[in-house]
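K.L.:
Quick one: this structure, given as structure tokens, is what I'll be asking you about.
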Amino acid sequence: MSFDLAGERILLGVSGGIAAYKAAELVRRLRDAGAQVQVVMTAAAGQFVGAATFQALSGRTVRDSLWDAAAEGAMGHIELARWATRVVIAPASADVLARLAHGQADDLLSTLCLATTAPLAVAPAMNHRMWLHPATQANMALLQARGAQVLGPDAGAQACGEFGPGRMAEPDAIVAALAASRAHSGDGPLTGRRVLVSAGPTYEDLDPVRYLGNRSSGKMGFAIAAAAAEMGAQVTLVAGPVGLPTPAGVRRIDVRSAHDMHAAVLGALPQDIYIGAAAVADFTPAQVAEHKIKKPTTSDDSGLTLELVRTPDILAAVAAHAQRPPLVVGFAAETTGLADSARDKLARKKVDAIAANRVGVAGSGFDSDDNALDVYWRGGDGAAEVVALGPARKSVLARDLLRLLIERVANSKAATA
Ligand code: PMT
């Protein structure tokens, strides 16, 4: 059976395990499907299969070290992270899964996984007791929660002579799953586009037990990320503290504070579209107390004055960035004066559109499943045009918003062509 991965640039991570021999077959199958393949081996993988095998099959020099001056000269590890349209780790050992789950960057493969915005797929392979160990299962849950696609493992006779789940999925099954996830998202209007979405609140710590936060649930931003992935985009979702599952096929980066979100969003550039749906705190405590702030022990009932300082404006920073996405969209959330606020943000933050929603009322804005958006768009004469969407479910609005953005971009391109 033939699969279509034409145009994909797959960074294939091979980690240490007897299943590494199957990765050689996987390289062939991926290339048969039309993908370019760059193999990155961990040190342990080299104990099982030689680099020359992968080099011959992939037609590319195998990379295995962060410190290889010659290889870095040709394509540095950050460029390699940007080159990839997908990262696939097969076999993924228990050790690699643990290091990825905990964000380590102590070799080339783990560093690339932190630096890339490409979706990650892992094909675990290990002894069945190691696979079923709560530590490995917790690491897998973390990776899945961040959007990693998990391929296998299969159950059966293992190289160690035992029987159970832990065999690496067969190369054909891996290629089929990658092609299927592409087919699922591959024929949409955003195919080939990178979309970065921020969602949820930020928490600004006051002391080890208290924070300043807001009522954002993340539902609006997660719905946009899910809709963009369904439309074929390669989606990165920077999420504040929320309790929502990661939409299928979306790469998720969890953050806590406005400063963390600022770093994660700017670190995910370049992108084609940025949509700032997060409710980012405008102020953060000037200092975070090292210990819990205590109440006065005397009868003194005077209040507590907090000194707050401004947080970075992430939306304005993206719009002013050297790697500014061609389309930058912000939100405006107000209880009153929504239209004025939206027009002001459109001009002041130098963004292409502002989706304005009313908050503080039932059935829209924060934590609701429904919403209504007035989308303000910068017109050619500097005046803002407005399109009303909804009221509707946030999932419906997310698709409508993306369709509107796609349509407006297409129209403005046609007008300037
Ligand atoms: O998460 P839900 O419960 O589903 O609720 C959805 C929502 C109401 C949070 C969402 O629809 C929304 O309106 N998000 C923006 C909320 C907000 O912070 O609005 P704002 O008017 O304060 O900010 C304007 C824009 O600047 C927003 O795009 C915001 O992400 C951005 N911003 C604000 C401050 C800051 N320091 N950095 C920013 O990037």
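Residue numbers start at 1 in each chain; chains themselves are named A, B, ... in the order of the structure tokens; ligands are numbered from 1 in the order shown.
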Set the cut-off to 8 Å, count only C-alpha atoms and all ligand atoms, and list whatever residues fall near ligand 1 as a VMD selection string.
P.N.:
chain A and resid 198 to 201 215 to 222 258 262 275 to 283 310 to 317 329 to 334 341 to 342 345 354 to 359 364 to 369 371 394
K.L.:
Taking the backbone alone, and naming residues the way the document does, which bits of stretch 99-130 of chain A are helix (DSSP H, G or I) by DSSP, as number ranges by chain?
P.N.:
A: 99-101, 108-115, 128-130
K.L.:
With N, CA and C atoms retained, export the selected residues as a compact mmCIF listing (two decimals), in the first residue's frame.
P.N.:
# COMPACT_ATOMS: atom_id res chain seq x y z
N ARG A 99 13.24 12.19 29.24
CA ARG A 99 13.96 13.45 29.03
C ARG A 99 13.08 14.46 28.28
N LEU A 100 12.31 13.98 27.31
CA LEU A 100 11.42 14.90 26.58
C LEU A 100 10.33 15.43 27.50
N ALA A 101 9.76 14.53 28.31
CA ALA A 101 8.66 14.94 29.19
C ALA A 101 9.12 16.04 30.14
N LEU A 108 21.66 16.33 21.25
CA LEU A 108 21.11 17.00 20.06
C LEU A 108 19.61 16.75 19.92
N LEU A 109 19.18 15.48 20.10
CA LEU A 109 17.77 15.16 19.86
C LEU A 109 16.85 15.89 20.84
N SER A 110 17.18 15.85 22.13
CA SER A 110 16.31 16.51 23.11
C SER A 110 16.31 18.02 22.89
N THR A 111 17.45 18.58 22.51
CA THR A 111 17.52 20.02 22.26
C THR A 111 16.64 20.40 21.07
N LEU A 112 16.71 19.58 20.01
CA LEU A 112 15.89 19.85 18.83
C LEU A 112 14.40 19.82 19.17
N CYS A 113 14.04 18.85 20.02
CA CYS A 113 12.62 18.71 20.37
C CYS A 113 12.13 19.94 21.14
N LEU A 114 13.01 20.57 21.91
CA LEU A 114 12.61 21.80 22.61
C LEU A 114 12.56 22.97 21.66
N ALA A 115 13.44 22.94 20.65
CA ALA A 115 13.58 24.13 19.79
C ALA A 115 12.60 24.16 18.63
N HIS A 128 8.34 -4.60 28.44
CA HIS A 128 6.95 -4.29 28.82
C HIS A 128 6.82 -3.79 30.25
N ARG A 129 7.73 -4.24 31.17
CA ARG A 129 7.63 -3.73 32.55
C ARG A 129 8.03 -2.26 32.59
N MET A 130 9.03 -1.90 31.79
CA MET A 130 9.44 -0.49 31.74
C MET A 130 8.29 0.36 31.16
K.L.:
Find the nearest atom pair between each residue of stretch 94-182 of chain A and stretch 19-30 of chain A for residues within 10 Å, count only C-alpha atoms, give distances in Å to one decimal, sort rows by chain and ascending number, and present the table as CSV.
P.N.:
residue,atom,partner,partner_atom,distance
A:Pro124,CA,A:Ala19,CA,9.5
A:Ala125,CA,A:Ala19,CA,6.7
A:Met126,CA,A:Ala19,CA,8.4
A:Gln158,CA,A:Ala19,CA,10.0
A:Ala159,CA,A:Ala19,CA,8.7
A:Arg167,CA,A:Ala19,CA,7.7
A:Met168,CA,A:Ala19,CA,6.4
A:Ala169,CA,A:Lys22,CA,9.1
A:Glu170,CA,A:Lys22,CA,7.6
A:Pro171,CA,A:Leu26,CA,4.8
A:Asp172,CA,A:Arg29,CA,6.9
A:Ala173,CA,A:Leu26,CA,9.7
A:Ile174,CA,A:Leu26,CA,8.0
A:Val175,CA,A:Leu30,CA,6.4
A:Ala176,CA,A:Leu30,CA,9.7
A:Leu178,CA,A:Leu30,CA,9.5
A:Ala179,CA,A:Leu30,CA,9.7
K.L.:
Could you give me the residues within stretch 210-392 of chain A that DSSP places in strand (DSSP E or B), as a ChimeraX atom specification?
P.N.:
/A:210-212,234-239,250-254,273-276,279,283-285,308-310,327-334,353-358,370-378,384-392
K.L.:
Taking 3 positions as the minimum chain separation for residues in the same chain, which residues sit within 10 Å of A:Arg210 when counting only C-alpha atoms? Answer as a PDB file with C-alpha atoms, in the first residue's frame.
P.N.:
ATOM      1  CA  TYR A 203      -1.098  33.681  36.946  1.00  0.00           C
ATOM      2  CA  GLU A 204       1.079  36.311  38.562  1.00  0.00           C
ATOM      3  CA  ASP A 205       2.526  34.971  41.793  1.00  0.00           C
ATOM      4  CA  LEU A 206       2.358  37.056  44.961  1.00  0.00           C
ATOM      5  CA  ASP A 207       3.953  34.504  47.238  1.00  0.00           C
ATOM      6  CA  GLY A 213      -5.312  35.660  37.962  1.00  0.00           C
ATOM      7  CA  VAL A 288       7.258  37.777  44.689  1.00  0.00           C
ATOM      8  CA  ALA A 289       7.489  37.173  48.432  1.00  0.00           C
ATOM      9  CA  LYS A 292       3.655  33.262  52.511  1.00  0.00           C
ATOM     10  CA  ILE A 293       2.668  36.843  53.326  1.00  0.00           C
TER      11      ILE A 293
END
K.L.:
Between atom CA of A:Asn214 and atom CA of A:Gly240, what is the distance in Å, rounded to a tenth?
P.N.:
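Distance reported for this atom pair: 10.8 Å.
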K.L.:
Could you check the closest approach to A:Glu290 for each of A:Pro208, A:Asp370, A:Ala248, A:Val351 and tell me which residue wins, using only C-alpha atoms?
P.N.:
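Of A:Pro208, A:Asp370, A:Ala248, A:Val351, the one nearest A:Glu290 is A:Pro208, counting only C-alpha atoms.
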K.L.:
Contacts of A:Gln271 at 12 Å or less, counting only C-alpha atoms, minus same-chain residues fewer than 6 places along, as a PyMOL selection string?
P.N.:
chain A and resi 82+116-118+192-197+233-237+265+318-319+321-328
K.L.:
Hey, what's within 8 Å of A:Ala264 if we count only C-alpha atoms and toss same-chain stuff fewer than 5 positions away? As a count of residues only, please?
P.N.:
3
K.L.:
Would you mind telling me which residue in A:Ala410, A:Ala81, A:Arg63, A:Arg378 lies nearest to A:Ala51 when using only C-alpha atoms?
P.N.:
A:Arg63
K.L.:
Figure out the distance between atom CA of A:Gln144 and atom CA of A:Gly249, please, to one decimal in Å.
P.N.:
10.0 Å
K.L.:
Using only C-alpha atoms for the distances, tell me which of A:Asp106, A:Glu230, A:Asp32, A:Asp95 is nearest to A:Thr136.
P.N.:
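Closest candidate: A:Asp95.
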